[in-house]
Structure formats: C-alpha cells, structure tokens
Number of protein chains: 2
Amino acid sequence: MAVKPSIPKGTRDFSPVEMAKRNYIFDTIKDSFRLFGYRQIETPAMENLSTLMGKYGEEGDRLLFKILNSGDFLKDVSDSELNERNSVKIISRISEKGLRYDLTVPFARFVVQNRNDITLPFKRFQIQPVWRADRPQKGRYREFFQCDADVVGSDSLFNEIELLELIDNVYDKLGIRVVIKLNNRKILSGIAEIIGEPEKLTEITVAIDKIEKIGIDKVTDELRGKNISEEAIEKLRPLLSLEGENKTKLMTLRRILSDSEIGMKGIEELETVTEGFDKIGHLSEVEIDVSLARGLNYYTGTIIEVKAKDVEIGSITGGGRYDNLTGVFGLPGLSGVGISFGADRIYDVLNQLNLYPENISESVKILFVNFGEKEALKSLGIIKKLRENGVSCELYPDSVKMKKQMSYADSLAIPFVAIIGENELSEGTINLKDMHSGEQWKLTEEEMINHLCNIAGESNGL
Amino acid sequence: MAVKPSIPKGTRDFSPVEMAKRNYIFDTIKDSFRLFGYRQIETPAMENLSTLMGKYGEEGDRLLFKILNSGDFLKDVSDSELNERNSVKIISRISEKGLRYDLTVPFARFVVQNRNDITLPFKRFQIQPVWRADRPQKGRYREFFQCDADVVGSDSLFNEIELLELIDNVYDKLGIRVVIKLNNRKILSGIAEIIGEPEKLTEITVAIDKIEKIGIDKVTDELRGKNISEEAIEKLRPLLSLEGENKTKLMTLRRILSDSEIGMKGIEELETVTEGFDKIGHLSEVEIDVSLARGLNYYTGTIIEVKAKDVEIGSITGGGRYDNLTGVFGLPGLSGVGISFGADRIYDVLNQLNLYPENISESVKILFVNFGEKEALKSLGIIKKLRENGVSCELYPDSVKMKKQMSYADSLAIPFVAIIGENELSEGTINLKDMHSGEQWKLTEEEMINHLCNIAGESNGL
C-alpha cells in the first residue's frame, strides 16, 4: 500500500518559506505591471495541439507535453498504424491537447479569439507556469513560471520606452543593479546586407556574441571557418570593436551602415528609444550591444536583455518587438512588443545578494500558548479581536508541554508568544513574550491589543 | 496557415475584468488564511500517476488527465499489447504522469515527502488549479481553482473551531450571508449502528438528504425500496424530523444514540465545536444537519458545508476531518482537518448579488493623451513622478485622433484623462478631466500630482 512518494523530475514543491520569497517577487512585478497600466489575463494550462504545434520549431514540438485523450484513446488509431509503431501518426490520433509552452502563443491566440471584445492597443500581463519536456538540469525546470507584459496593436516606440521604465521600476524596487542591453533586429539585417551575407546572419551574431569571451582574433577565425569572405570580415571589423558611450556607438553604426536603408531605420529606432529613456531618467545602466540577437527569427525591431550587475547569471529579463504576432491565427498586421521576467533567476539573484526583506519567512505575529480548554477559549476571544485589527495570530491547537509549543514558535519564526495560564486567567492579564529579546510584559487585554496593533502598523508587514 | 483559434472544451480564458474579480476573491481568502496562520505551499501541476491512481475511486482514475511520456513513448509497449488494443495496459506503459486532480492528495504526498522539514501541526494553504476530464456543463469545468486550508498533525477540536472562524471571517469580508452546516461522521456511524444497518449508511444519508425536497413520506418509501427494515425506519423517524435549535437537536440525538458509543462521541465532538464557536462569537448562521454526508468514505469526524443564504446555488465551501491522511504514503497516524473554498461559485454569488467593490474593473487612474513626441515625452516625465507616488497611469502610445484616445479611456473605465497639448506645454500646465463628471481643471504639474495622490490615498485602491 505504501507508495514511496516523489514528484516528476524537473518539477518542484515550494515550501512556505520559498513561497514567501516567490510571492515577494511576483507581487513586486505585478504591482509594477499594474502601475504601468498592464492588465492581467489568464489562459488555460491546456491548449489545443493545433494552437501550439509548429510555433516553436521542430525542437519545440518535441518538447511539448502532450495529454492523452480521455476515454478509449485508441479508437481512432488504425491497426496498421499500431503495427507500424508510427509514433508521429499515433500521437496525432491519441492526443489533441498539450500543456502551454510559453505565454506568447496563448496570448496571440487569446487576442485573435477575443478580437471583438478587446480595445487596442491592448496592454496585457500574464504570470503563469509553462511546461517543457527539456532535460532537467541545474536552474532548468520542466515546470516554471513566466511573467510577461506585452502591448499589441501599437507601432509606437513609446511602448519600448515604457517597457524600459517598467524594467527600471521593478529592479529598483527589488534592489538589484542591472544593465539593460539593447539592440534592434533591423541593425542586424543591415549588417548582413552591408557585408553581403544576409543568409549568414545567425553565424555572424553568434560569433560577435563571443568577442568578450574569446577576443577579436578568434572570432575572426571562426567567421573564416564559416566561409564568410575576407571582404565581409573586413567590413565587420569596426562592429567587432564597437566601444564607448551609446552615442558614440550609434555614430559608428551610422557610418558603417549608411548604405543600408533597413540598417539606418534600426539605428533611428534605437536612438529614439535610448534618448527617450535617458530624457525621462533611470537608474539602470543602458548598453547598446549589437551582438544581442535573442530569438533572432522572432523579433523584428527592438531587442532587450537585462543582466544583473552583481551576480554571474544569465539574463534575468528579455524581450523585444515582433511584427505580425497574431498573423498565424488569421489576424495579420498587429505588431507586438513585450518583456518577460525570469522569476527563477531573480529568485537566485535575491538569495545570493541577500536582498529579501527582513521577516519574510515569518508566519504569524503571535502564538497563543494552549494551557487547556478554558484558557484556550479565552485566548480565542482575544485572537479574534487581534485579527479584526489585522494582526495575524494563532492558538497552538493542542494543550501539550510548554516546551513543545515554544519550539513550534521558534521554528516558524513567530516573533511574539502570549501566555494565558491559570494565574493570568484569574488576574485578567496576559503574559507577552518577545521571542527575539526574551523580554516579557504583563499586560491587560486592551494593552496587548494596542501594543501589537502598533507593531503591526509600524512593520506594515501583516 | 490560419488556424481558427479555440481552447479545449471545459477550459476558460479570463479577461482583465474577470481577473480583477477573481483576484478580489483569491486575495480576500489568502488574507484570511494568513491572518489565521495558514502558510502557503505549491505543488507541481504534474504528479506521478503512482501518487494519483487509486486515491479517487475508479471514477477518479478515469477522470485523471494523463500525460504522454516524452520521446519514443511506444518503446515499452509490446507488440501483443498493441495488437490487443488493451487500453489499460497500454496507458500504464505510455504515461507515467497525470495532472493534479485535487489539492489534498498532493498535500498528503508533500507532507510525507518533506516530513523531516515540517514542524507539526502543519497549517498549510494552497490555491492552485486542478484538472478533471469530467463532461463539461454549466458551472462545471475541466480546469478550475481550489482554495484549501488544512491542518495536519493535531487531533484538537480547536482546529475545527478556528476553521469555522476562518469561514466566518472570509464571508464577512466578502459580504455574503451564509449558513454553516455541521455534522460528524461518527454520528452517522452511530445512526447506522442503532438501526442495525451499518452497511447501508450511504443509502440512509442519501435518503435523509432529500427530506427538504420530497418530504418524510417519500423518504420513508425510498428507504423501504432499499430494503431497510420497518424497525430501522421506525428508529430513524425522530432523525428525519430533527428540528429546532442546535442545542435541542443535540439533546434529541443524545436520546436516540445513547446506546452507541461512537454516536455519543460524535455528539460530544459536535457540541464542543458548536459551543466553542458560539462562545467566541460569529456572524454566520450555524445549523446542525445530520443529513450532511459529503465525502462519506473520506471524512472521519467533523463534516462542514457552507451555503449562501441569498442565492440558490450548491455549497460554496466544504470540508471536514479525515484521520490517517498520509497513511497511504507510508506515514500513518496523522489526522487532518481542512476546508476548501469554491472560487467559481463564490464568483457567481458575488456577481448575482452585485457585491464586488466599486471600480474593480478600473485599469489605471489616469490616461495621458498623446499629442506628439514633445508633448508625450513631457507627459512621461510627469507619469514617472505619479507612479513613484503609487498612482497608476499610462500614456496613450500613439499620437492619433483625440476621439480615439478618449474612447480608449472610456472602454477601460479610466476615471481621469490628462491633456498636455501645445498650449499646455508652453504654459507649463496640464488639463485634467474627470471622465465621470466631465469637470476639467487647469493645473500645474505639482498641483496635479498632489490632487491625484490624495485621490489615490483616499480610494486606497491603487
């Protein structure tokens, strides 16, 4: 009967302390999303496979978790398909739903499906888990949360500026110093155009991306190894050593890309965005980085990536503009721009820098020790009043040894313990103990309620 | 290419307005859970099928959503199994994970798996979706949220009393008038014992449950139809017309069940719980109802069910005590007691009684009209300051016709619109319009920030 309990690999339980930390992150992000006018939606965990398949490349199709049809799931599979063991054919017969792989495709599906009820531009945020049948490894899970904010239905670069402000706002509140890296897909297209190798854009950006790690010479070797002409490499050279202020970089880019219309358009966009953001003011560092190419086949304009300055970790936020977000679902011509916060990495950054607010793992403010039925009922009356005043508290449910009850308070980091024993009951007093300092006070009911409500008001954390 | 977008039957998208209402419910429940010392956990959407199977009866096993193994999922299926089309055998070979069916089994699994890190008694709450491959119908979905609070590791009836207080607290805040119905499984066992038909407990409670609808005579007929003896029916008669105050009902029960030890134990428990709850004080009506038998094969002590007084709808909260919660996972002897709030039904009740707070569908407090780049950048500077003061606001991203921007504000129920056009820009003023009253003010930047921060402070809803 006894099953040794475990959870599927790549998935996690979250304990109360972990939840407190995660909620702190999600709540901070949500507050900023709302402050900026993004409105929350949620979509189902399961989508039709017809919605999901073909949207994430071959690899993505493979990594989708597929749900077995209910009932007699074999009824649509022919004998010959079974005999052939044709996995691909059989899957399409026995499964028509899959788990959400990201939040962008469901969002696009939502917009098209609800097009008549949505006012454009539509600024939505969405914080939900996604599932990928990836090989689990350190920091990579099969179930993880995405926190996305997107605007659909507006081409204005003010959307980009607002998203940068949003990033600035979130990391300011979390206390994480960040660098926001910016690029524009049109600049990458311009580069490919200028060097006459448009089809080798991926190889070029991958190589540029390695400059910091391996140096210009090795990058040049790598480009040669990929059959990129000497002439093209020569033209690329100034890009490989693009340095200095953003303004200087933009000037250099203008010189290099002056013959590419699309490249110049990209520079103009990037300039509008960085100048606008600078004008409004921000705490984050902003760095133009022409090697930034996240989701190359997806973004069409601005590309955004955020790195923590004080921790070695991958990007903690990313995003960009993608034209024609909803085209695949039959609604062409809608441009979108959005960002996604990586909650799991932010969690690690806050842990490493010890940036969580104090008391985050505190459960209630006060535990009432249980000395038996009469005392406990008296306690519950006081507890009721405290709760009406917003003070979280609880009665230890069993009248067991004092030591056990105190160690419960300890392990749950409960800062105060209230004792109403026989004496206190007859005197009409309460013995209140501060678990940090060890101080004790003998108080009347009213005094204690006032005392604890003041504390609750000050710490503002109840 | 264009796929007509849809979602799987029985699942739902939630729009921003629906999300605002749902968040209001979840936040209210969560606040109470925390106020009472329940601590949040989350478990993965996917559990191993070995964890889930056999826990919800045959019907439940059938209704579990099963996830196809990734990769070559057919590799462990033999040719003969394929040829036989043996669904049950094949399922166990091609699927080893399923979607969470409720929150109780994952909680029990969590407790056993993390037994060394948990301090008992463990008061946990959990608010997550669950999935059931039920036939969808009005009010029944294949994906829905459960909001559970449970205590594990304490036999004390103070847990029951606190859970009743918690129910009282939540519905007081939501403004829903409720009746809390109470029973005890031991009383039901006592009844079966007294009438000498212990194995017919289910039939008896099903029949008792129908008294209000069909009357005593028809219930008696039904009992006869189920081969329950005349003598037993005679003994049941006083139970079928149990009326009056809870105290009176308890007295009658004591008389009827005096020969049943377990029955008397149940009465004693019920009395302790109702008297304790009355002593502390509550707003909800409390009604002892011996026909209450939810989850008969599951609960072992107190049984709780909550009905809304002003709306015809099923139970909106339910729960009870179940001994040996974790036994099936190899950790015997732990008793649990808990309740579950039905968010979907509460949503309907609040809608029908129109009890949502005003402004719940409001997105931001203020929209800045966009008159072009210079004006928009000026607006963004003011917006930044407003946001720093906690006022949610946004710039319309495109400089399109005024009418279009105003109708955006209208459809999103934005209460204020700020206009900074050429004149205002040169004067250093802002034209602020109240969208409800139509009033307009010409204000300086500082005046507007003060004005809106005051409003934000008052409404407390930003």
# chains A, B, ... in the order shown; residues from 1 in each chain; ligands from 1
call {"tool": "select_by_dssp", "arguments": {"residues": "stretch 46-207 of chain A", "states": "strand (DSSP E or B)", "output": "ChimeraX atom specification"}}
result
/A:46-48,66-68,95-99,122-131,137,140,143-152,178-184
call {"tool": "write_last_selection", "arguments": {"atoms": "C-alpha atoms", "output": "compact mmCIF listing (two decimals), in the first residue's frame"}}
result
# COMPACT_ATOMS: atom_id res chain seq x y z
CA MET A 46 -4.04 23.07 -21.79
CA GLU A 47 -4.22 24.38 -25.34
CA ASN A 48 -5.27 22.51 -28.43
CA LYS A 66 1.01 16.10 -24.72
CA ILE A 67 -2.15 14.97 -22.97
CA LEU A 68 -3.69 11.63 -23.74
CA SER A 95 -3.61 13.33 -28.20
CA GLU A 96 -5.22 16.62 -29.16
CA LYS A 97 -4.18 18.81 -26.23
CA GLY A 98 -0.82 19.94 -24.88
CA LEU A 99 0.45 21.96 -21.95
CA PHE A 122 -4.05 46.02 -25.58
CA LYS A 123 -1.54 46.03 -22.73
CA ARG A 124 -1.71 42.69 -21.01
CA PHE A 125 0.30 40.94 -18.36
CA GLN A 126 0.24 37.26 -17.54
CA ILE A 127 2.01 35.31 -14.79
CA GLN A 128 1.51 31.58 -15.13
CA PRO A 129 3.52 28.36 -15.25
CA VAL A 130 4.68 26.85 -18.53
CA TRP A 131 5.86 23.31 -19.18
CA GLN A 137 19.48 20.41 -15.12
CA ARG A 140 16.33 24.43 -15.74
CA GLU A 143 7.59 23.48 -14.90
CA PHE A 144 8.44 27.14 -14.38
CA PHE A 145 6.69 30.49 -14.22
CA GLN A 146 6.86 33.20 -16.82
CA CYS A 147 5.95 36.84 -16.05
CA ASP A 148 5.12 38.57 -19.31
CA ALA A 149 3.98 42.07 -20.20
CA ASP A 150 3.15 42.85 -23.83
CA VAL A 151 1.45 45.58 -25.82
CA VAL A 152 -0.27 44.55 -29.01
CA VAL A 178 21.11 45.89 -13.69
CA VAL A 179 22.43 46.57 -17.17
CA ILE A 180 19.78 46.79 -19.86
CA LYS A 181 21.27 45.69 -23.17
CA LEU A 182 19.57 46.95 -26.30
CA ASN A 183 19.75 46.13 -29.97
CA ASN A 184 17.49 46.26 -32.98
call {"tool": "residues_around", "arguments": {"residues": "B:Met19", "least_positions_apart": "3", "cutoff": "9 Å", "atoms": "only C-alpha atoms", "output": "ChimeraX atom specification"}}
result
/A:39-42 /B:14-16,22-24
call {"tool": "write_last_selection", "arguments": {"atoms": "N, CA, C and O atoms", "output": "short mmCIF file (atom, residue, chain, number, x, y, z; two decimals), in the first residue's frame"}}
result
data_model
loop_
_atom_site.label_atom_id
_atom_site.label_comp_id
_atom_site.auth_asym_id
_atom_site.auth_seq_id
_atom_site.Cartn_x
_atom_site.Cartn_y
_atom_site.Cartn_z
N ARG A 39 -2.81 44.97 -17.95
CA ARG A 39 -3.98 44.33 -17.34
C ARG A 39 -3.84 42.82 -17.43
O ARG A 39 -3.50 42.28 -18.47
N GLN A 40 -4.17 42.16 -16.33
CA GLN A 40 -3.90 40.72 -16.23
C GLN A 40 -4.90 39.87 -17.00
O GLN A 40 -6.10 40.13 -16.99
N ILE A 41 -4.40 38.85 -17.67
CA ILE A 41 -5.27 37.80 -18.19
C ILE A 41 -4.69 36.46 -17.75
O ILE A 41 -3.54 36.37 -17.31
N GLU A 42 -5.52 35.41 -17.82
CA GLU A 42 -5.01 34.05 -17.66
C GLU A 42 -5.61 33.19 -18.75
O GLU A 42 -6.75 33.41 -19.19
N PHE B 14 -9.49 34.01 -18.98
CA PHE B 14 -10.01 35.03 -18.09
C PHE B 14 -9.54 36.40 -18.56
O PHE B 14 -8.34 36.66 -18.67
N SER B 15 -10.50 37.26 -18.85
CA SER B 15 -10.21 38.62 -19.33
C SER B 15 -9.76 39.48 -18.16
O SER B 15 -9.91 39.09 -17.00
N PRO B 16 -9.22 40.68 -18.44
CA PRO B 16 -8.79 41.56 -17.34
C PRO B 16 -9.89 41.82 -16.31
O PRO B 16 -9.63 41.81 -15.11
N ARG B 22 -11.74 37.81 -9.92
CA ARG B 22 -11.18 36.59 -9.34
C ARG B 22 -10.08 36.93 -8.33
O ARG B 22 -10.01 36.33 -7.26
N ASN B 23 -9.23 37.89 -8.67
CA ASN B 23 -8.18 38.28 -7.73
C ASN B 23 -8.76 38.82 -6.43
O ASN B 23 -8.21 38.59 -5.36
N TYR B 24 -9.87 39.54 -6.56
CA TYR B 24 -10.52 40.06 -5.35
C TYR B 24 -10.91 38.89 -4.42
O TYR B 24 -10.67 38.93 -3.22
#
call {"tool": "residues_around", "arguments": {"residues": "A:Leu292", "least_positions_apart": "2", "cutoff": "10 Å", "atoms": "only C-alpha atoms", "output": "number ranges by chain"}}
result
A: 181-185, 188, 205-206, 208-209, 288-290, 294-296, 303-305
call {"tool": "residues_around", "arguments": {"residues": "A:His451", "least_positions_apart": "2", "cutoff": "12 Å", "atoms": "only C-alpha atoms", "output": "compact mmCIF listing (two decimals) with N, CA and C atoms, in the first residue's frame"}}
result
# COMPACT_ATOMS: atom_id res chain seq x y z
N ILE A 366 2.02 36.40 16.31
CA ILE A 366 1.92 35.99 17.71
C ILE A 366 1.26 34.61 17.86
N LEU A 386 -7.66 40.65 17.81
CA LEU A 386 -6.39 40.98 17.15
C LEU A 386 -6.54 40.85 15.63
N ASN A 389 -8.14 43.54 13.93
CA ASN A 389 -7.23 44.68 13.76
C ASN A 389 -6.08 44.37 12.81
N VAL A 391 -3.93 41.90 12.86
CA VAL A 391 -2.74 41.23 13.39
C VAL A 391 -2.91 39.72 13.20
N PHE A 416 6.31 36.86 18.63
CA PHE A 416 5.74 37.02 19.97
C PHE A 416 4.98 35.78 20.40
N LEU A 432 3.06 38.51 27.75
CA LEU A 432 3.52 38.59 26.37
C LEU A 432 5.04 38.52 26.32
N ASP A 434 8.57 38.60 23.97
CA ASP A 434 9.25 38.88 22.71
C ASP A 434 10.29 37.78 22.49
N TRP A 441 6.25 41.02 29.20
CA TRP A 441 5.40 42.06 29.79
C TRP A 441 4.12 41.40 30.31
N LYS A 442 3.64 41.94 31.45
CA LYS A 442 2.31 41.54 31.93
C LYS A 442 1.35 42.62 31.50
N LEU A 443 0.38 42.30 30.65
CA LEU A 443 -0.48 43.30 30.06
C LEU A 443 -1.95 42.95 30.23
N THR A 444 -2.80 43.98 30.21
CA THR A 444 -4.23 43.70 30.11
C THR A 444 -4.54 43.40 28.65
N GLU A 445 -5.73 42.86 28.42
CA GLU A 445 -6.14 42.54 27.07
C GLU A 445 -6.02 43.78 26.17
N GLU A 446 -6.53 44.89 26.67
CA GLU A 446 -6.54 46.10 25.87
C GLU A 446 -5.13 46.59 25.57
N GLU A 447 -4.28 46.55 26.61
CA GLU A 447 -2.89 46.98 26.42
C GLU A 447 -2.21 46.14 25.35
N MET A 448 -2.46 44.82 25.39
CA MET A 448 -1.79 43.97 24.41
C MET A 448 -2.27 44.26 23.00
N ILE A 449 -3.57 44.42 22.86
CA ILE A 449 -4.11 44.69 21.52
C ILE A 449 -3.52 45.99 20.98
N CYS A 453 -1.08 46.06 17.76
CA CYS A 453 -1.58 46.77 16.57
C CYS A 453 -0.59 47.86 16.18
N ASN A 454 0.05 48.50 17.16
CA ASN A 454 1.08 49.48 16.84
C ASN A 454 2.23 48.84 16.09
N ILE A 455 2.69 47.72 16.61
CA ILE A 455 3.76 47.00 15.94
C ILE A 455 3.36 46.63 14.52
N ALA A 456 2.13 46.16 14.39
CA ALA A 456 1.65 45.75 13.07
C ALA A 456 1.65 46.95 12.14
N GLY A 457 1.20 48.09 12.65
CA GLY A 457 1.17 49.30 11.84
C GLY A 457 2.57 49.72 11.40
N GLU A 458 3.52 49.65 12.33
CA GLU A 458 4.89 50.06 12.01
C GLU A 458 5.53 49.17 10.96
call {"tool": "atom_distance", "arguments": {"atom1": "atom CA of B:Leu64", "atom2": "atom CA of A:Ser50"}}
result
22.1 Å
call {"tool": "closest_residue", "arguments": {"among": "A:Lys365, A:Arg345, A:Lys200, A:Lys247", "to": "A:Arg224", "atoms": "only C-alpha atoms"}}
result
A:Lys200
call {"tool": "select_by_dssp", "arguments": {"residues": "stretch 258-372 of chain B", "states": "helix (DSSP H, G or I)", "output": "tab-separated table (two decimals) with N, CA and C atoms, in the first residue's frame"}}
result
chain	number	residue	atom	x	y	z
B	261	GLU	N	-21.70	3.96	21.33
B	261	GLU	CA	-20.53	4.67	21.87
B	261	GLU	C	-20.00	5.67	20.84
B	262	ILE	N	-19.85	5.20	19.61
B	262	ILE	CA	-19.29	6.08	18.58
B	262	ILE	C	-20.24	7.25	18.29
B	263	GLY	N	-21.53	6.96	18.31
B	263	GLY	CA	-22.51	8.03	18.08
B	263	GLY	C	-22.40	9.11	19.15
B	264	MET	N	-22.28	8.67	20.43
B	264	MET	CA	-22.17	9.64	21.53
B	264	MET	C	-20.88	10.45	21.42
B	265	LYS	N	-19.83	9.80	20.97
B	265	LYS	CA	-18.55	10.51	20.76
B	265	LYS	C	-18.74	11.61	19.71
B	266	GLY	N	-19.45	11.27	18.65
B	266	GLY	CA	-19.72	12.25	17.60
B	266	GLY	C	-20.52	13.44	18.12
B	267	ILE	N	-21.52	13.15	18.97
B	267	ILE	CA	-22.34	14.22	19.53
B	267	ILE	C	-21.48	15.15	20.40
B	268	GLU	N	-20.61	14.51	21.21
B	268	GLU	CA	-19.74	15.28	22.08
B	268	GLU	C	-18.84	16.22	21.26
B	269	GLU	N	-18.28	15.68	20.21
B	269	GLU	CA	-17.40	16.50	19.35
B	269	GLU	C	-18.18	17.67	18.74
B	270	LEU	N	-19.35	17.35	18.22
B	270	LEU	CA	-20.17	18.38	17.58
B	270	LEU	C	-20.54	19.47	18.58
B	271	GLU	N	-20.83	19.05	19.83
B	271	GLU	CA	-21.19	20.01	20.87
B	271	GLU	C	-19.99	20.91	21.21
B	272	THR	N	-18.83	20.30	21.37
B	272	THR	CA	-17.62	21.10	21.68
B	272	THR	C	-17.39	22.15	20.60
B	273	VAL	N	-17.52	21.73	19.35
B	273	VAL	CA	-17.24	22.64	18.23
B	273	VAL	C	-18.28	23.76	18.17
B	274	THR	N	-19.56	23.42	18.24
B	274	THR	CA	-20.59	24.46	18.12
B	274	THR	C	-20.57	25.39	19.33
B	275	GLU	N	-20.39	24.84	20.52
B	275	GLU	CA	-20.37	25.70	21.72
B	275	GLU	C	-19.15	26.61	21.72
B	276	GLY	N	-18.00	26.07	21.36
B	276	GLY	CA	-16.79	26.89	21.31
B	276	GLY	C	-16.96	28.04	20.32
B	277	PHE	N	-17.47	27.71	19.16
B	277	PHE	CA	-17.67	28.71	18.10
B	277	PHE	C	-18.66	29.79	18.57
B	278	ASP	N	-19.74	29.35	19.23
B	278	ASP	CA	-20.73	30.31	19.74
B	278	ASP	C	-20.11	31.23	20.79
B	279	LYS	N	-19.27	30.65	21.66
B	279	LYS	CA	-18.68	31.42	22.74
B	279	LYS	C	-17.81	32.57	22.18
B	280	ILE	N	-17.06	32.27	21.12
B	280	ILE	CA	-16.17	33.29	20.55
B	280	ILE	C	-16.98	34.33	19.77
B	327	GLY	N	-1.50	8.08	5.53
B	327	GLY	CA	-1.22	6.64	5.66
B	327	GLY	C	-0.90	5.97	4.35
B	328	VAL	N	-1.61	6.36	3.31
B	328	VAL	CA	-1.44	5.72	2.01
B	328	VAL	C	-0.03	5.96	1.45
B	329	PHE	N	0.64	7.01	1.95
B	329	PHE	CA	2.02	7.27	1.51
B	329	PHE	C	3.04	6.82	2.55
B	343	ALA	N	-14.08	28.78	-5.50
B	343	ALA	CA	-13.93	30.13	-6.06
B	343	ALA	C	-14.93	30.41	-7.19
B	344	ASP	N	-15.20	29.40	-8.03
B	344	ASP	CA	-16.11	29.64	-9.15
B	344	ASP	C	-17.52	29.96	-8.68
B	345	ARG	N	-17.97	29.25	-7.67
B	345	ARG	CA	-19.32	29.51	-7.15
B	345	ARG	C	-19.38	30.84	-6.41
B	346	ILE	N	-18.32	31.15	-5.66
B	346	ILE	CA	-18.28	32.43	-4.96
B	346	ILE	C	-18.34	33.57	-5.98
B	347	TYR	N	-17.64	33.37	-7.09
B	347	TYR	CA	-17.66	34.33	-8.20
B	347	TYR	C	-19.09	34.59	-8.67
B	348	ASP	N	-19.83	33.50	-8.86
B	348	ASP	CA	-21.22	33.63	-9.32
B	348	ASP	C	-22.09	34.32	-8.27
B	349	VAL	N	-21.89	33.97	-6.99
B	349	VAL	CA	-22.67	34.58	-5.92
B	349	VAL	C	-22.43	36.09	-5.88
B	350	LEU	N	-21.17	36.49	-5.93
B	350	LEU	CA	-20.84	37.92	-5.88
B	350	LEU	C	-21.42	38.66	-7.09
B	351	ASN	N	-21.40	38.01	-8.24
B	351	ASN	CA	-22.00	38.60	-9.44
B	351	ASN	C	-23.50	38.79	-9.27
B	352	GLN	N	-24.17	37.72	-8.80
B	352	GLN	CA	-25.63	37.79	-8.68
B	352	GLN	C	-26.06	38.82	-7.66
B	353	LEU	N	-25.31	38.95	-6.57
B	353	LEU	CA	-25.69	39.89	-5.51
B	353	LEU	C	-25.03	41.26	-5.73
call {"tool": "residues_around", "arguments": {"residues": "A:Arg34", "least_positions_apart": "5", "cutoff": "8 Å", "atoms": "only C-alpha atoms", "output": "PyMOL selection string"}}
result
(chain A and resi 39) or (chain B and resi 363-364+392)
call {"tool": "write_last_selection", "arguments": {"atoms": "N, CA, C and O atoms", "output": "CSV table (one decimal), in the first residue's frame"}}
result
chain,number,residue,atom,x,y,z
A,39,ARG,N,-2.8,45.0,-17.9
A,39,ARG,CA,-4.0,44.3,-17.3
A,39,ARG,C,-3.8,42.8,-17.4
A,39,ARG,O,-3.5,42.3,-18.5
B,363,SER,N,-8.8,50.2,-14.8
B,363,SER,CA,-7.4,49.7,-15.1
B,363,SER,C,-6.4,50.7,-14.4
B,363,SER,O,-6.0,50.5,-13.3
B,364,VAL,N,-6.1,51.8,-15.1
B,364,VAL,CA,-5.3,52.8,-14.4
B,364,VAL,C,-6.2,54.0,-14.0
B,364,VAL,O,-7.3,54.1,-14.3
B,392,SER,N,-1.3,54.7,-10.5
B,392,SER,CA,-1.2,54.0,-11.8
B,392,SER,C,-1.6,54.9,-12.9
B,392,SER,O,-2.7,55.5,-12.8
call {"tool": "atom_distance", "arguments": {"atom1": "atom CA of A:Ser87", "atom2": "atom CA of A:Leu52"}}
result
18.2 Å
call {"tool": "closest_residue", "arguments": {"among": "A:Thr429, A:Ser315, A:Asn354, A:Asn370", "to": "chain B", "atoms": "only C-alpha atoms"}}
result
A:Asn370
call {"tool": "residues_around", "arguments": {"residues": "A:Pro238", "least_positions_apart": "4", "cutoff": "12 Å", "atoms": "only C-alpha atoms", "output": "list in words"}}
result
Ile191, Ile208, Ile216, Ala232, Ile233, Glu234, Leu242, Glu243, Lys249, Met251, Thr252, Leu253, Arg254, Arg255, Ile256, Leu257 and Val290 of chain A
